[in-house]
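One structure below.
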Amino acid sequence: SRSRFRARTGVTYKANDQWSGEIRLSTGNNGNSPYTTFNSGTEGSTSDFTVSRAYVSFTPVDGLKLMGGRMPINFWQQNEQWWDTDRSPDAVALVYNTGGLTLNGAYVVLIDGVNGSWGEDITTGLYQAVYKGKAGDLKYTAAIGGASLSNADLFPDKGGGAIGLQSDRHWIASLQAKGGQWLAGADMIQGNADVEDTAIVVQGRYKVTDIMQLRLYYYSVEAFSTLGDGMYSQDNWPNPGDNGVSN
């Protein structure tokens, strides 16, 4: 009963082997949903358009990449429970590759000035180690990482007040295996809340033909297990409560 549209346009540019960048404009202006509702009035009008990405990337030496700006998160993930990929946060990040090992690190601004224009920011430090290997025809990926949030007690609700967060530290472990026509993966995310602090996602895929694939997913995501108590995870099945978190 609600007609919506989405659109994106952008430019990527590579100046040389060391410097590159991207800028992208998208419909939707809340940083999470890229959709705009068809509406000829002023509220929710079709004029919503925002800079969804604007960042530069610098590779000083082989295997090391530094990035800064509004950009996609530099984490390996096989679903969106850790981070909803519609979001491109303001961040500085680094990626280091050596052999099959990749190290990811980022400093991300989640909320700029939670107490107003001159208030405190809510930020998070993200870190991850990813190893990709091969044994015969089997390819596998193992990853472990975490996040630590600042000022979690100031996290705002939609009414402008502070609700705080139950978890301000999170850990994630992921495994994935591919062989022939099949893929299997599992993720476990753990928060530091006293209750409702664990998320588990298991998936299996099988390619039947070039145009048909079967997939099965199992989700068990407790309320305070993911970043921002669910505010930065996928929002395909949101909680109808005031904060719209996934659970």
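Just remember, in the structure tokens the first chain shown is A, the second B, etc., residues are 1-based per chain, and ligands are 1-based in the order shown.
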Let's see if you can do this: from backbone DSSP, list all strand (DSSP E) residues in range 26-91 of chain A, as an MDAnalysis selection string. chainID A and resid 26:27 36:37 49:61 64:70 90:91
Test item: residues at most 12 Å from Asp197 in chain A, only C-alpha atoms, excluding those fewer than 4 positions along its chain, as a list of chain:residue names: A:Leu165, A:Gln166, A:Ser167, A:Asp168, A:Arg169, A:His170, A:Trp171, A:Ile172, A:Met188, A:Ile189, A:Gln190, A:Gly191, A:Asn192, A:Ala193, A:Ser220, A:Val221, A:Glu222, A:Ala223, A:Phe224, A:Ser225, A:Thr226, A:Leu227, A:Gly228, A:Asp229, A:Gly230, A:Asn247
With N, CA, C and O atoms retained, export the selected residues as a CSV table (one decimal), in the first residue's frame.
chain,number,residue,atom,x,y,z
A,165,LEU,N,22.6,1.7,26.1
A,165,LEU,CA,22.7,0.4,25.4
A,165,LEU,C,23.0,-0.7,26.5
A,165,LEU,O,23.7,-0.4,27.4
A,166,GLN,N,22.4,-1.8,26.3
A,166,GLN,CA,22.7,-3.0,27.2
A,166,GLN,C,24.1,-3.6,26.9
A,166,GLN,O,24.7,-4.0,27.8
A,167,SER,N,24.5,-3.5,25.6
A,167,SER,CA,25.8,-4.0,25.2
A,167,SER,C,26.7,-2.9,24.6
A,167,SER,O,26.2,-2.2,23.7
A,168,ASP,N,27.9,-2.7,25.1
A,168,ASP,CA,28.8,-1.8,24.5
A,168,ASP,C,30.1,-2.4,23.9
A,168,ASP,O,30.9,-1.8,23.4
A,169,ARG,N,30.2,-3.8,24.1
A,169,ARG,CA,31.2,-4.5,23.4
A,169,ARG,C,30.7,-5.8,22.8
A,169,ARG,O,29.7,-6.4,23.3
A,170,HIS,N,31.2,-6.1,21.6
A,170,HIS,CA,30.7,-7.2,20.8
A,170,HIS,C,31.8,-8.0,20.2
A,170,HIS,O,32.9,-7.4,19.9
A,171,TRP,N,31.6,-9.3,20.0
A,171,TRP,CA,32.6,-10.2,19.4
A,171,TRP,C,31.9,-11.0,18.3
A,171,TRP,O,30.7,-11.4,18.5
A,172,ILE,N,32.6,-11.3,17.2
A,172,ILE,CA,32.0,-12.1,16.2
A,172,ILE,C,33.0,-13.2,15.7
A,172,ILE,O,34.2,-12.8,15.5
A,188,MET,N,28.5,-16.4,14.8
A,188,MET,CA,28.1,-16.2,16.2
A,188,MET,C,28.6,-14.8,16.7
A,188,MET,O,29.7,-14.5,16.5
A,189,ILE,N,27.6,-14.0,17.1
A,189,ILE,CA,27.9,-12.7,17.7
A,189,ILE,C,27.5,-12.7,19.1
A,189,ILE,O,26.5,-13.2,19.5
A,190,GLN,N,28.4,-12.1,20.0
A,190,GLN,CA,28.2,-12.1,21.4
A,190,GLN,C,28.4,-10.7,21.9
A,190,GLN,O,29.4,-10.0,21.6
A,191,GLY,N,27.4,-10.2,22.6
A,191,GLY,CA,27.4,-8.9,23.3
A,191,GLY,C,27.8,-9.1,24.8
A,191,GLY,O,27.9,-10.3,25.3
A,192,ASN,N,27.9,-8.0,25.5
A,192,ASN,CA,28.3,-8.1,26.9
A,192,ASN,C,27.1,-7.7,27.8
A,192,ASN,O,27.3,-7.3,29.0
A,193,ALA,N,25.9,-7.8,27.3
A,193,ALA,CA,24.7,-7.5,28.1
A,193,ALA,C,24.5,-8.7,29.1
A,193,ALA,O,25.0,-9.8,28.9
A,220,SER,N,18.9,-16.8,14.8
A,220,SER,CA,18.5,-16.6,16.2
A,220,SER,C,19.2,-15.4,16.7
A,220,SER,O,20.4,-15.5,17.1
A,221,VAL,N,18.6,-14.2,16.8
A,221,VAL,CA,19.2,-13.0,17.1
A,221,VAL,C,18.5,-12.3,18.3
A,221,VAL,O,17.4,-11.9,18.2
A,222,GLU,N,19.2,-12.4,19.4
A,222,GLU,CA,18.6,-11.8,20.6
A,222,GLU,C,18.8,-10.3,20.7
A,222,GLU,O,19.6,-9.7,19.9
A,223,ALA,N,18.0,-9.6,21.5
A,223,ALA,CA,17.8,-8.2,21.4
A,223,ALA,C,19.1,-7.4,21.6
A,223,ALA,O,19.2,-6.3,20.9
A,224,PHE,N,20.0,-7.8,22.4
A,224,PHE,CA,21.2,-6.9,22.7
A,224,PHE,C,22.5,-7.5,22.2
A,224,PHE,O,23.5,-7.2,22.7
A,225,SER,N,22.4,-8.4,21.2
A,225,SER,CA,23.6,-9.1,20.7
A,225,SER,C,24.4,-8.4,19.7
A,225,SER,O,25.6,-8.6,19.6
A,226,THR,N,23.8,-7.5,18.9
A,226,THR,CA,24.5,-6.8,17.8
A,226,THR,C,24.7,-5.3,18.1
A,226,THR,O,24.1,-4.8,19.0
A,227,LEU,N,25.4,-4.7,17.2
A,227,LEU,CA,25.9,-3.3,17.4
A,227,LEU,C,24.7,-2.4,17.7
A,227,LEU,O,23.7,-2.4,16.9
A,228,GLY,N,24.8,-1.5,18.7
A,228,GLY,CA,23.7,-0.6,19.0
A,228,GLY,C,22.5,-1.3,19.4
A,228,GLY,O,21.4,-0.8,19.3
A,229,ASP,N,22.6,-2.5,20.1
A,229,ASP,CA,21.5,-3.3,20.4
A,229,ASP,C,20.6,-3.5,19.2
A,229,ASP,O,19.3,-3.5,19.3
A,230,GLY,N,21.2,-3.7,18.1
A,230,GLY,CA,20.4,-4.1,16.9
A,230,GLY,C,20.2,-2.9,15.9
A,230,GLY,O,19.7,-3.1,14.8
A,247,ASN,N,15.5,-8.1,16.1
A,247,ASN,CA,15.5,-9.1,17.2
A,247,ASN,C,14.9,-10.4,16.6
A,247,ASN,O,13.7,-10.6,16.7
I'd like the interatomic distance between CA of Lys134 in chain A and CA of Ala147 in chain A, to a tenth of an Å. 28.4 Å
Residues near Tyr127 in chain A, anyone? I mean within 10 Å using only C-alpha atoms, not counting same-chain ones fewer than 4 positions away, as a ChimeraX atom specification. /A:74-75,93-94,103-107,144-148,171
Counting only C-alpha atoms, the option among A:Asn115, A:Asp153, A:Thr102, A:Tyr232 closest to Gly133 in chain A: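 Smallest separation from Gly133 in chain A among the options: A:Thr102.
Residues surrounding Val11 in chain A within 7 Å are A:Glu22, A:Ile23, A:Arg24 [only C-alpha atoms; sequence separation below 6 positions excluded].
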Just the selected residues (N, CA, C and O atoms), exported as a PDB file, in the first residue's frame, please.
ATOM      1  N   GLU A  22      35.808   7.523  -4.292  1.00  0.00           N
ATOM      2  CA  GLU A  22      34.437   7.330  -4.769  1.00  0.00           C
ATOM      3  C   GLU A  22      33.544   8.392  -4.154  1.00  0.00           C
ATOM      4  O   GLU A  22      33.729   8.789  -2.996  1.00  0.00           O
ATOM      5  N   ILE A  23      32.564   8.852  -4.926  1.00  0.00           N
ATOM      6  CA  ILE A  23      31.496   9.692  -4.403  1.00  0.00           C
ATOM      7  C   ILE A  23      30.194   9.183  -4.997  1.00  0.00           C
ATOM      8  O   ILE A  23      30.138   8.819  -6.180  1.00  0.00           O
ATOM      9  N   ARG A  24      29.150   9.080  -4.158  1.00  0.00           N
ATOM     10  CA  ARG A  24      27.879   8.518  -4.615  1.00  0.00           C
ATOM     11  C   ARG A  24      26.726   9.271  -3.990  1.00  0.00           C
ATOM     12  O   ARG A  24      26.758   9.611  -2.804  1.00  0.00           O
TER      13      ARG A  24
END
